[in-house]
$ cat target00.cif   # mmCIF, C-alpha atoms
data_upload
#
loop_
_atom_site.label_atom_id
_atom_site.label_comp_id
_atom_site.auth_asym_id
_atom_site.auth_seq_id
_atom_site.Cartn_x
_atom_site.Cartn_y
_atom_site.Cartn_z
CA MET Q 1 0.00 0.00 0.00
CA SER Q 2 1.48 3.35 -1.00
CA LEU Q 3 1.54 6.36 1.26
CA PRO Q 4 -0.94 9.16 0.42
CA ALA Q 5 0.22 11.96 -1.84
CA TRP Q 6 1.67 14.92 0.02
CA ASP Q 7 -1.21 17.19 -1.03
CA ASP Q 8 -3.67 14.80 0.61
CA VAL Q 9 -1.96 14.71 4.02
CA GLU Q 10 -3.57 16.42 6.98
CA PRO Q 11 -0.77 16.58 9.56
CA LEU Q 12 -1.68 15.83 13.16
CA SER Q 13 -2.17 19.00 15.16
CA LEU Q 14 0.50 19.43 17.81
CA ASP Q 15 -2.30 20.48 20.17
CA SER Q 16 -3.70 16.96 19.96
CA ALA Q 17 -0.63 15.36 21.57
CA PRO Q 18 -1.52 14.14 25.11
CA LEU Q 19 1.11 15.95 27.17
CA PRO Q 20 2.75 14.53 30.30
CA GLU Q 21 1.30 15.87 33.55
CA TYR Q 22 4.44 17.75 34.58
CA GLY Q 23 4.01 19.55 37.87
CA ALA Q 24 0.94 17.60 38.95
CA GLY Q 25 1.20 13.89 38.22
CA SER Q 26 4.38 12.81 36.43
CA LEU Q 27 7.34 10.67 37.44
CA ALA Q 28 9.30 13.85 38.11
CA ASP Q 29 6.75 14.78 40.79
CA LEU Q 30 6.82 11.56 42.80
CA LEU Q 31 9.96 11.85 44.95
CA PRO Q 32 9.55 15.60 45.56
CA THR Q 33 6.09 14.89 46.96
CA LEU Q 34 7.33 12.09 49.20
CA VAL Q 35 10.30 13.96 50.65
CA ALA Q 36 8.28 17.14 51.12
CA HIS Q 37 6.05 15.13 53.46
CA GLN Q 38 9.22 13.93 55.23
CA GLY Q 39 10.22 17.52 55.98
CA VAL Q 40 13.04 17.93 53.44
CA ASP Q 41 13.39 21.63 52.68
CA GLY Q 42 12.98 22.92 49.14
CA PHE Q 43 10.29 20.48 48.01
CA THR Q 44 6.53 20.81 47.56
CA PRO Q 45 3.99 17.96 47.61
CA VAL Q 46 2.64 18.36 44.08
CA ILE Q 47 0.74 15.05 43.78
CA PRO Q 48 -2.09 15.97 46.16
CA GLU Q 49 -3.56 12.48 46.65
CA LEU Q 50 -0.45 11.06 48.33
CA ALA Q 51 -0.66 11.04 52.12
CA PRO Q 52 2.49 11.56 54.23
CA ALA Q 53 4.60 8.65 55.42
CA ASP Q 54 7.80 8.66 57.45
CA ARG Q 55 9.24 5.80 55.40
CA ASN Q 56 8.79 5.68 51.64
CA CYS Q 57 9.82 2.98 49.18
CA VAL Q 58 9.58 3.34 45.40
CA PHE Q 59 9.69 0.10 43.41
CA LEU Q 60 10.17 0.85 39.71
CA ILE Q 61 9.31 -2.00 37.33
CA ASP Q 62 10.91 -1.26 33.99
CA GLY Q 63 8.40 -1.39 31.14
CA LEU Q 64 5.19 -2.11 33.08
CA GLY Q 65 2.75 0.39 31.60
CA TRP Q 66 -0.63 1.14 33.09
CA GLU Q 67 -2.56 -0.26 30.13
CA GLN Q 68 -0.57 -3.50 30.14
CA LEU Q 69 -1.23 -3.95 33.86
CA ARG Q 70 -4.96 -3.29 33.47
CA ALA Q 71 -5.13 -5.76 30.57
CA HIS Q 72 -3.64 -8.65 32.58
CA PRO Q 73 -5.43 -8.98 35.94
CA ALA Q 74 -5.03 -12.76 35.99
CA GLU Q 75 -1.24 -12.48 35.79
CA ALA Q 76 -1.05 -9.66 38.36
CA PRO Q 77 -3.77 -10.33 40.94
CA PHE Q 78 -1.99 -8.59 43.82
CA LEU Q 79 -1.20 -5.40 41.92
CA THR Q 80 -4.67 -5.36 40.39
CA SER Q 81 -6.30 -5.66 43.81
CA LEU Q 82 -4.55 -2.45 44.91
CA ILE Q 83 -5.48 -0.20 42.00
CA SER Q 84 -8.77 1.15 43.34
CA SER Q 85 -7.30 2.15 46.71
CA SER Q 86 -4.20 3.81 45.26
CA ARG Q 87 -3.54 7.51 44.69
CA GLY Q 88 -5.95 8.57 47.38
CA GLY Q 89 -8.65 6.16 46.23
CA THR Q 90 -8.74 7.52 42.69
CA GLY Q 91 -6.79 4.61 41.22
CA ARG Q 92 -5.34 6.98 38.64
CA PRO Q 93 -1.97 6.42 36.92
CA ILE Q 94 0.72 9.04 36.48
CA THR Q 95 2.62 9.96 33.31
CA ALA Q 96 6.18 9.13 32.40
CA GLY Q 97 7.29 12.28 30.59
CA PHE Q 98 8.57 12.67 27.04
CA PRO Q 99 10.10 10.66 25.64
CA ALA Q 100 8.75 7.65 27.51
CA THR Q 101 12.07 5.85 27.70
CA THR Q 102 14.24 4.48 30.48
CA ALA Q 103 17.14 6.94 30.63
CA THR Q 104 14.81 9.93 30.53
CA SER Q 105 12.38 8.50 33.07
CA LEU Q 106 15.01 7.38 35.58
CA ALA Q 107 16.56 10.84 35.46
CA SER Q 108 13.12 12.38 36.03
CA VAL Q 109 12.47 10.08 38.98
CA GLY Q 110 15.81 10.63 40.64
CA THR Q 111 16.23 14.37 40.11
CA GLY Q 112 12.59 15.34 40.47
CA LEU Q 113 13.03 17.42 37.31
CA PRO Q 114 11.55 17.21 33.80
CA PRO Q 115 13.75 16.40 30.80
CA ALA Q 116 13.99 20.08 29.86
CA SER Q 117 16.00 20.58 33.04
CA HIS Q 118 17.84 17.33 33.77
CA GLY Q 119 18.93 17.12 30.15
CA LEU Q 120 18.41 13.46 29.22
CA PRO Q 121 15.75 14.07 26.56
CA GLY Q 122 15.98 10.77 24.70
CA TYR Q 123 17.55 7.38 24.18
CA THR Q 124 20.23 8.88 21.91
CA VAL Q 125 20.75 12.62 21.51
CA ARG Q 126 23.38 14.86 19.98
CA ASN Q 127 26.17 16.07 22.21
CA PRO Q 128 26.52 19.74 21.15
CA ALA Q 129 30.15 19.78 22.28
CA THR Q 130 31.23 16.97 19.94
CA GLY Q 131 28.48 16.71 17.33
CA GLU Q 132 28.19 12.97 18.06
CA LEU Q 133 25.15 10.99 19.07
CA MET Q 134 25.30 10.00 22.73
CA ASN Q 135 23.49 6.95 24.05
CA GLN Q 136 22.23 8.12 27.45
CA LEU Q 137 21.35 4.64 28.65
CA ARG Q 138 24.75 3.10 27.88
CA TRP Q 139 26.62 6.42 28.27
CA ASN Q 140 28.47 5.97 25.00
CA PRO Q 141 30.58 7.76 23.89
CA TRP Q 142 31.82 8.85 27.29
CA THR Q 143 31.17 12.36 28.54
CA ASP Q 144 31.52 13.84 32.01
CA PRO Q 145 28.34 12.78 33.87
CA ARG Q 146 28.32 15.77 36.22
CA LYS Q 147 28.56 18.23 33.36
CA TRP Q 148 25.86 16.41 31.44
CA GLN Q 149 23.47 16.41 34.45
CA PRO Q 150 24.64 18.85 37.15
CA TYR Q 151 21.63 18.94 39.46
CA PRO Q 152 21.65 17.05 42.79
CA THR Q 153 19.35 14.08 43.04
CA VAL Q 154 16.41 14.00 45.44
CA PHE Q 155 18.17 11.13 47.20
CA GLN Q 156 21.25 13.29 47.82
CA GLN Q 157 19.14 16.13 49.20
CA ALA Q 158 17.12 13.79 51.41
CA HIS Q 159 20.29 12.16 52.72
CA ALA Q 160 21.74 15.59 53.54
CA ALA Q 161 18.53 16.36 55.47
CA GLY Q 162 18.96 13.29 57.67
CA VAL Q 163 16.67 10.86 55.85
CA HIS Q 164 18.01 7.29 55.68
CA THR Q 165 18.41 6.80 51.93
CA ALA Q 166 19.24 3.66 49.94
CA GLN Q 167 19.06 2.22 46.44
CA VAL Q 168 18.57 -1.56 46.18
CA SER Q 169 19.24 -2.89 42.70
CA SER Q 170 21.42 -5.21 40.66
CA PRO Q 171 25.14 -4.79 41.42
CA THR Q 172 25.57 -4.21 37.68
CA PHE Q 173 24.14 -0.72 38.04
CA GLN Q 174 26.13 0.48 41.05
CA ASN Q 175 28.80 2.45 39.22
CA THR Q 176 27.09 3.35 35.96
CA PRO Q 177 27.03 7.03 34.99
CA LEU Q 178 23.22 6.95 34.80
CA THR Q 179 23.02 5.74 38.40
CA LYS Q 180 25.51 8.39 39.50
CA ILE Q 181 23.65 11.32 37.99
CA ALA Q 182 20.07 10.11 38.50
CA LEU Q 183 19.80 7.74 41.46
CA SER Q 184 22.77 8.29 43.79
CA GLY Q 185 22.56 9.46 47.39
CA GLY Q 186 22.88 7.55 50.64
CA SER Q 187 23.97 3.96 50.09
CA PHE Q 188 23.75 1.54 47.17
CA ARG Q 189 22.95 -2.08 48.09
CA GLY Q 190 23.43 -4.60 45.30
CA LYS Q 191 21.47 -7.86 45.17
CA LEU Q 192 21.10 -10.15 42.19
CA SER Q 193 17.81 -11.91 42.83
CA GLY Q 194 14.46 -10.16 42.93
CA GLU Q 195 13.57 -11.86 46.22
CA ASP Q 196 16.78 -10.64 47.86
CA ARG Q 197 16.10 -7.11 46.68
CA MET Q 198 12.63 -7.14 48.19
CA ASP Q 199 13.93 -8.40 51.53
CA LEU Q 200 16.74 -5.86 51.61
CA ALA Q 201 14.48 -3.00 50.55
CA ALA Q 202 12.16 -3.78 53.47
CA GLU Q 203 15.14 -3.95 55.82
CA GLN Q 204 16.47 -0.61 54.60
CA LEU Q 205 13.04 0.97 54.86
CA GLY Q 206 12.91 0.14 58.55
CA ALA Q 207 16.49 1.27 59.21
CA GLY Q 208 15.60 4.91 59.90
CA ASP Q 209 12.87 6.95 61.52
CA ARG Q 210 12.62 8.64 58.13
CA SER Q 211 13.62 6.51 55.14
CA LEU Q 212 13.64 6.79 51.37
CA VAL Q 213 14.36 3.54 49.51
CA TYR Q 214 14.39 2.86 45.77
CA THR Q 215 14.40 -0.57 44.18
CA TYR Q 216 14.18 -1.70 40.57
CA TYR Q 217 13.41 -4.69 38.35
CA ALA Q 218 14.30 -4.81 34.64
CA GLU Q 219 13.10 -8.02 33.02
CA VAL Q 220 9.48 -7.09 32.30
CA ASP Q 221 10.93 -4.56 29.86
CA GLY Q 222 13.49 -7.01 28.53
CA LYS Q 223 10.95 -9.69 27.68
CA GLY Q 224 8.61 -7.12 26.14
CA HIS Q 225 11.30 -5.83 23.81
CA ARG Q 226 12.38 -9.28 22.75
CA PHE Q 227 9.12 -11.22 22.58
CA GLY Q 228 6.31 -8.65 22.79
CA VAL Q 229 3.99 -7.49 25.53
CA ASP Q 230 1.46 -10.29 25.10
CA SER Q 231 3.96 -13.14 24.85
CA ASP Q 232 4.15 -16.01 27.30
CA ALA Q 233 7.61 -14.80 28.34
CA TRP Q 234 6.27 -11.33 29.14
CA ARG Q 235 3.27 -12.73 31.01
CA GLY Q 236 5.59 -14.92 33.06
CA GLN Q 237 7.62 -11.89 34.09
CA LEU Q 238 4.46 -10.03 35.09
CA MET Q 239 3.41 -12.98 37.27
CA TYR Q 240 6.85 -13.04 38.88
CA VAL Q 241 6.99 -9.33 39.59
CA ASP Q 242 3.48 -9.42 41.06
CA ARG Q 243 4.78 -11.93 43.61
CA LEU Q 244 7.79 -9.70 44.29
CA VAL Q 245 5.54 -6.75 45.09
CA GLN Q 246 3.49 -8.90 47.45
CA ARG Q 247 6.67 -10.16 49.13
CA LEU Q 248 7.83 -6.60 49.77
CA ALA Q 249 4.37 -5.44 50.86
CA GLU Q 250 4.15 -8.16 53.48
CA GLN Q 251 7.38 -6.91 55.10
CA LEU Q 252 6.64 -3.19 55.28
CA PRO Q 253 7.55 -1.67 58.64
CA PRO Q 254 5.19 0.69 60.50
CA ARG Q 255 4.68 4.25 59.25
CA SER Q 256 5.68 3.33 55.72
CA ALA Q 257 4.32 3.50 52.20
CA LEU Q 258 5.29 1.49 49.12
CA TYR Q 259 4.76 2.99 45.67
CA VAL Q 260 5.00 0.72 42.64
CA THR Q 261 5.51 2.52 39.36
CA ALA Q 262 7.27 2.18 35.99
CA ASP Q 263 9.32 4.19 33.54
CA HIS Q 264 7.12 3.67 30.47
CA GLY Q 265 4.62 1.35 28.84
CA MET Q 266 5.14 -0.57 25.62
CA LEU Q 267 3.38 -1.79 22.50
CA ASP Q 268 4.21 -4.33 19.81
CA ILE Q 269 4.98 -2.97 16.34
CA PRO Q 270 4.00 -5.23 13.41
CA PHE Q 271 6.78 -6.44 11.13
CA ASP Q 272 5.58 -4.89 7.89
CA GLU Q 273 6.81 -2.00 5.76
CA ARG Q 274 3.98 0.34 6.65
CA SER Q 275 4.45 -0.16 10.40
CA ARG Q 276 8.26 -0.11 10.33
CA ILE Q 277 9.50 2.74 8.16
CA ASP Q 278 13.19 2.22 7.43
CA PHE Q 279 15.03 5.54 7.55
CA ASP Q 280 18.12 3.94 6.04
CA GLU Q 281 16.15 3.00 2.93
CA ASP Q 282 13.99 6.14 2.60
CA TRP Q 283 15.59 8.89 0.51
CA GLU Q 284 12.89 11.44 1.37
CA LEU Q 285 13.27 11.14 5.14
CA SER Q 286 17.06 10.96 5.05
CA ALA Q 287 17.59 13.94 2.75
CA GLY Q 288 19.27 16.78 4.62
CA VAL Q 289 19.61 14.76 7.83
CA ALA Q 290 23.03 14.69 9.49
CA LEU Q 291 22.10 12.49 12.49
CA LEU Q 292 19.09 10.40 13.46
CA GLY Q 293 18.65 10.19 17.22
CA GLY Q 294 16.08 9.00 19.72
CA GLU Q 295 14.36 5.68 19.05
CA GLY Q 296 11.72 4.27 16.75
CA ARG Q 297 8.71 5.97 18.30
CA ALA Q 298 10.38 9.18 19.49
CA ARG Q 299 12.90 10.54 17.02
CA HIS Q 300 15.33 13.44 17.32
CA VAL Q 301 16.30 14.53 13.81
CA TYR Q 302 19.42 16.68 13.42
CA ALA Q 303 19.57 18.47 10.09
CA VAL Q 304 22.53 19.50 8.00
CA PRO Q 305 23.06 23.22 8.80
CA GLY Q 306 20.70 25.27 6.66
CA ALA Q 307 18.37 22.35 5.92
CA GLU Q 308 16.29 22.53 9.12
CA ASN Q 309 13.13 23.94 7.54
CA ASP Q 310 13.29 21.60 4.56
CA VAL Q 311 13.68 18.55 6.80
CA LEU Q 312 10.75 19.67 8.96
CA THR Q 313 8.58 20.18 5.88
CA VAL Q 314 9.39 16.76 4.41
CA TRP Q 315 8.99 14.86 7.67
CA ARG Q 316 5.68 16.57 8.36
CA GLU Q 317 4.38 15.90 4.86
CA VAL Q 318 5.54 12.28 4.69
CA LEU Q 319 4.73 11.26 8.28
CA GLY Q 320 2.28 13.87 9.51
CA GLU Q 321 -0.73 11.56 9.61
CA GLN Q 322 1.08 9.00 11.77
CA PHE Q 323 3.42 11.15 13.88
CA TRP Q 324 3.27 14.42 15.71
CA VAL Q 325 6.11 16.25 13.94
CA ALA Q 326 7.44 19.45 15.50
CA SER Q 327 10.40 21.74 15.22
CA ARG Q 328 12.62 21.95 18.29
CA ASP Q 329 11.08 25.25 19.34
CA GLU Q 330 7.54 23.99 18.73
CA ALA Q 331 8.11 20.88 20.84
CA ILE Q 332 9.59 22.93 23.68
CA ALA Q 333 6.83 25.54 23.56
CA ALA Q 334 4.15 22.84 23.48
CA GLY Q 335 5.46 21.41 26.75
CA TRP Q 336 6.76 18.09 25.46
CA PHE Q 337 9.92 18.23 27.58
CA GLY Q 338 8.71 20.28 30.54
CA PRO Q 339 5.80 22.33 31.84
CA SER Q 340 6.96 25.88 31.27
CA GLY Q 341 7.79 25.92 27.59
CA ALA Q 342 11.40 26.57 28.57
CA VAL Q 343 14.54 24.47 28.52
CA ASP Q 344 17.95 24.78 30.15
CA GLU Q 345 20.51 26.36 27.83
CA ARG Q 346 22.81 23.33 27.97
CA VAL Q 347 19.88 21.07 26.94
CA TYR Q 348 18.51 23.10 24.02
CA ALA Q 349 20.79 21.77 21.26
CA ARG Q 350 20.52 18.19 22.50
CA ILE Q 351 16.92 18.21 21.26
CA GLY Q 352 16.49 17.49 17.54
CA ASP Q 353 15.94 20.22 14.98
CA VAL Q 354 12.86 18.10 14.27
CA VAL Q 355 11.13 15.90 16.86
CA ALA Q 356 8.77 13.14 15.71
CA ALA Q 357 6.52 11.31 18.19
CA ALA Q 358 4.44 8.36 16.98
CA HIS Q 359 0.64 8.53 17.10
CA ASP Q 360 -0.14 5.28 15.27
CA ASP Q 361 1.27 1.78 15.84
CA VAL Q 362 4.33 2.60 13.76
CA ALA Q 363 8.06 3.17 14.20
CA ILE Q 364 10.89 4.76 12.25
CA ILE Q 365 13.60 2.13 12.32
CA ALA Q 366 17.15 2.25 10.92
CA THR Q 367 18.15 -1.26 9.92
CA LYS Q 368 21.75 -0.37 9.04
CA LYS Q 369 22.60 2.13 11.79
CA GLU Q 370 20.47 0.51 14.52
CA PRO Q 371 20.12 -3.20 13.67
CA LYS Q 372 19.42 -4.40 17.21
CA GLU Q 373 16.90 -1.69 18.06
CA SER Q 374 15.20 -2.15 14.68
CA ALA Q 375 14.60 -5.85 15.41
CA LEU Q 376 12.76 -5.28 18.71
CA VAL Q 377 9.19 -6.52 18.94
CA GLY Q 378 8.01 -4.21 21.73
CA MET Q 379 8.78 -0.50 21.51
CA HIS Q 380 8.04 2.73 23.37
CA GLY Q 381 8.94 6.40 23.56
CA SER Q 382 5.98 8.47 22.42
CA MET Q 383 3.09 10.22 24.17
CA THR Q 384 0.30 7.74 23.47
CA PRO Q 385 -1.47 6.45 26.60
CA VAL Q 386 -0.09 2.93 26.19
CA GLU Q 387 3.47 4.33 26.46
CA GLN Q 388 2.94 7.37 28.64
CA LEU Q 389 0.69 6.13 31.46
CA VAL Q 390 2.42 4.24 34.26
CA PRO Q 391 0.99 2.80 37.49
CA LEU Q 392 1.21 4.44 40.87
CA ILE Q 393 0.20 1.53 43.09
CA GLU Q 394 0.23 2.31 46.82
CA VAL Q 395 0.60 -0.14 49.69
CA ARG Q 396 0.61 0.65 53.42
CA PRO Q 397 1.03 -1.78 56.31
#
$ encode --input "target00.cif" --output "structure tokens"
Amino acid sequence: MSLPAWDDVEPLSLDSAPLPEYGAGSLADLLPTLVAHQGVDGFTPVIPELAPADRNCVFLIDGLGWEQLRAHPAEAPFLTSLISSSRGGTGRPITAGFPATTATSLASVGTGLPPASHGLPGYTVRNPATGELMNQLRWNPWTDPRKWQPYPTVFQQAHAAGVHTAQVSSPTFQNTPLTKIALSGGSFRGKLSGEDRMDLAAEQLGAGDRSLVYTYYAEVDGKGHRFGVDSDAWRGQLMYVDRLVQRLAEQLPPRSALYVTADHGMLDIPFDERSRIDFDEDWELSAGVALLGGEGRARHVYAVPGAENDVLTVWREVLGEQFWVASRDEAIAAGWFGPSGAVDERVYARIGDVVAAAHDDVAIIATKKEPKESALVGMHGSMTPVEQLVPLIEVRP
């Protein structure tokens, strides 16, 4: 099936993009709300439904979107049973932020800042100092982490205020740059098995009169990428993580609250030419493009100098029915990366000259430049509800 002629295309209005709830109900608002209730100066409780607790634990399950959780109650009976009583009895999810991807979301969680401020606005983005694409998940090529993200984490500020603070995760993550700039503060406790992490997180939660504990599980995301979000492998991981949450919930000390959330949702992209548009084989989309960043459903497009307007015009005309396509300034002003329509100066040029966020079940792959990413079954990144909405499940002893 051929794409419609350019003259027939009605580009998606940028106003129709469902923006993250920055400042009221996004991942960046969770820790500031919790530590504000713990008496840490400089923070405001901006998610109004969350009641104070002296001891707070955040369990982030990579890749477990709100819509996937709601669609699988049989595999997640414990989590499902808690939905209606969570977020002050509203049962409402929160939003990840844009793009809905791990590096961006973890930085939002840990710093309490939106991408426009913390400066990790995508899976891969251009480093203005070198002109190279930087993978912000793998931190490749190397750049100074503290210059890339200079703000203190919420964990560091809570620790300085006397809150017992700990991260409980795989030992693999202890010394990664992403951990250092997004999740450091207090102590890091490495445990390999999920059960050991749950037990240690409960122990650390009870170790202070005021505590802030973060723990993490990755394999729901891993199985979704590899096999899809309705595969037996993915369902098995959901069943396992449901039992992990119950294990942790049963050990909560007094005066505590457990919040289960995620960094993004996910959807499966069909393996056909219309659903997977190959940038490396498309002369129209690649014309005038110096670098292709981001990921399949949330692209940063860096134009050859002087070609910015032409690239925007072509991408909007070719993809405008399937993607929200914006210039850098349009995306910033619309609030894609933060609530104020502003962005830190050091972050501005990291954002693409053109930003394309998927509306339909489609991805822009790059089979030559990104062979592994292009072969993934499950993908994420954009602002659709299936990617953007994440749980905020609350448990109290």
$ resolve_selection --input "target00.cif" --expression "the PyMOL selection byres ((chain Q and resi 76) around 9)" --output "list in words"
Leu69, Arg70, His72, Pro73, Ala74, Glu75, Pro77, Phe78, Leu79, Thr80, Ser81, Leu238, Met239, Tyr240, Val241, Asp242 and Arg243 of chain Q
$ atom_distance --input "target00.cif" --atom1 "CA of Gly42 in chain Q" --atom2 "CA of Ala161 in chain Q"
10.7 Å
$ atom_distance --input "target00.cif" --atom1 "CA of Ala202 in chain Q" --atom2 "CA of Leu183 in chain Q"
18.3 Å
$ residues_around --input "target00.cif" --residues "range 209-224 of chain Q" --least-positions-apart "5" --cutoff "6 Å" --atoms "only C-alpha atoms" --output "list in words"
Asp54, Arg55, Asn56, Cys57, Val58, Phe59, Leu60, Ile61, Asp62, Gly63, Val163, His164, Thr165, Ala166, Gln167, Val168, Ser169, Val229, Trp234, Gln237 and Gly378 of chain Q
$ residues_around --input "target00.cif" --residues "range 251-255 of chain Q" --least-positions-apart "6" --cutoff "12 Å" --atoms "only C-alpha atoms" --output "PDB file with C-alpha atoms, in the coordinates of the input"
ATOM      1  CA  GLN Q  38       9.220  13.930  55.230  1.00  0.00           C
ATOM      2  CA  ALA Q  51      -0.660  11.040  52.120  1.00  0.00           C
ATOM      3  CA  PRO Q  52       2.490  11.560  54.230  1.00  0.00           C
ATOM      4  CA  ALA Q  53       4.600   8.650  55.420  1.00  0.00           C
ATOM      5  CA  ASP Q  54       7.800   8.660  57.450  1.00  0.00           C
ATOM      6  CA  ARG Q  55       9.240   5.800  55.400  1.00  0.00           C
ATOM      7  CA  ASN Q  56       8.790   5.680  51.640  1.00  0.00           C
ATOM      8  CA  CYS Q  57       9.820   2.980  49.180  1.00  0.00           C
ATOM      9  CA  GLU Q 195      13.570 -11.860  46.220  1.00  0.00           C
ATOM     10  CA  MET Q 198      12.630  -7.140  48.190  1.00  0.00           C
ATOM     11  CA  ASP Q 199      13.930  -8.400  51.530  1.00  0.00           C
ATOM     12  CA  LEU Q 200      16.740  -5.860  51.610  1.00  0.00           C
ATOM     13  CA  ALA Q 201      14.480  -3.000  50.550  1.00  0.00           C
ATOM     14  CA  ALA Q 202      12.160  -3.780  53.470  1.00  0.00           C
ATOM     15  CA  GLU Q 203      15.140  -3.950  55.820  1.00  0.00           C
ATOM     16  CA  GLN Q 204      16.470  -0.610  54.600  1.00  0.00           C
ATOM     17  CA  LEU Q 205      13.040   0.970  54.860  1.00  0.00           C
ATOM     18  CA  GLY Q 206      12.910   0.140  58.550  1.00  0.00           C
ATOM     19  CA  ALA Q 207      16.490   1.270  59.210  1.00  0.00           C
ATOM     20  CA  GLY Q 208      15.600   4.910  59.900  1.00  0.00           C
ATOM     21  CA  ASP Q 209      12.870   6.950  61.520  1.00  0.00           C
ATOM     22  CA  ARG Q 210      12.620   8.640  58.130  1.00  0.00           C
ATOM     23  CA  SER Q 211      13.620   6.510  55.140  1.00  0.00           C
ATOM     24  CA  VAL Q 213      14.360   3.540  49.510  1.00  0.00           C
ATOM     25  CA  LEU Q 244       7.790  -9.700  44.290  1.00  0.00           C
ATOM     26  CA  VAL Q 245       5.540  -6.750  45.090  1.00  0.00           C
ATOM     27  CA  GLU Q 394       0.230   2.310  46.820  1.00  0.00           C
ATOM     28  CA  VAL Q 395       0.600  -0.140  49.690  1.00  0.00           C
ATOM     29  CA  ARG Q 396       0.610   0.650  53.420  1.00  0.00           C
ATOM     30  CA  PRO Q 397       1.030  -1.780  56.310  1.00  0.00           C
TER      31      PRO Q 397
END
$ closest_residue --input "target00.cif" --among "Q:Glu132, Q:Ile365, Q:Thr172, Q:Phe155" --to "Ala290 in chain Q" --atoms "all atoms listed in the file"
Q:Glu132
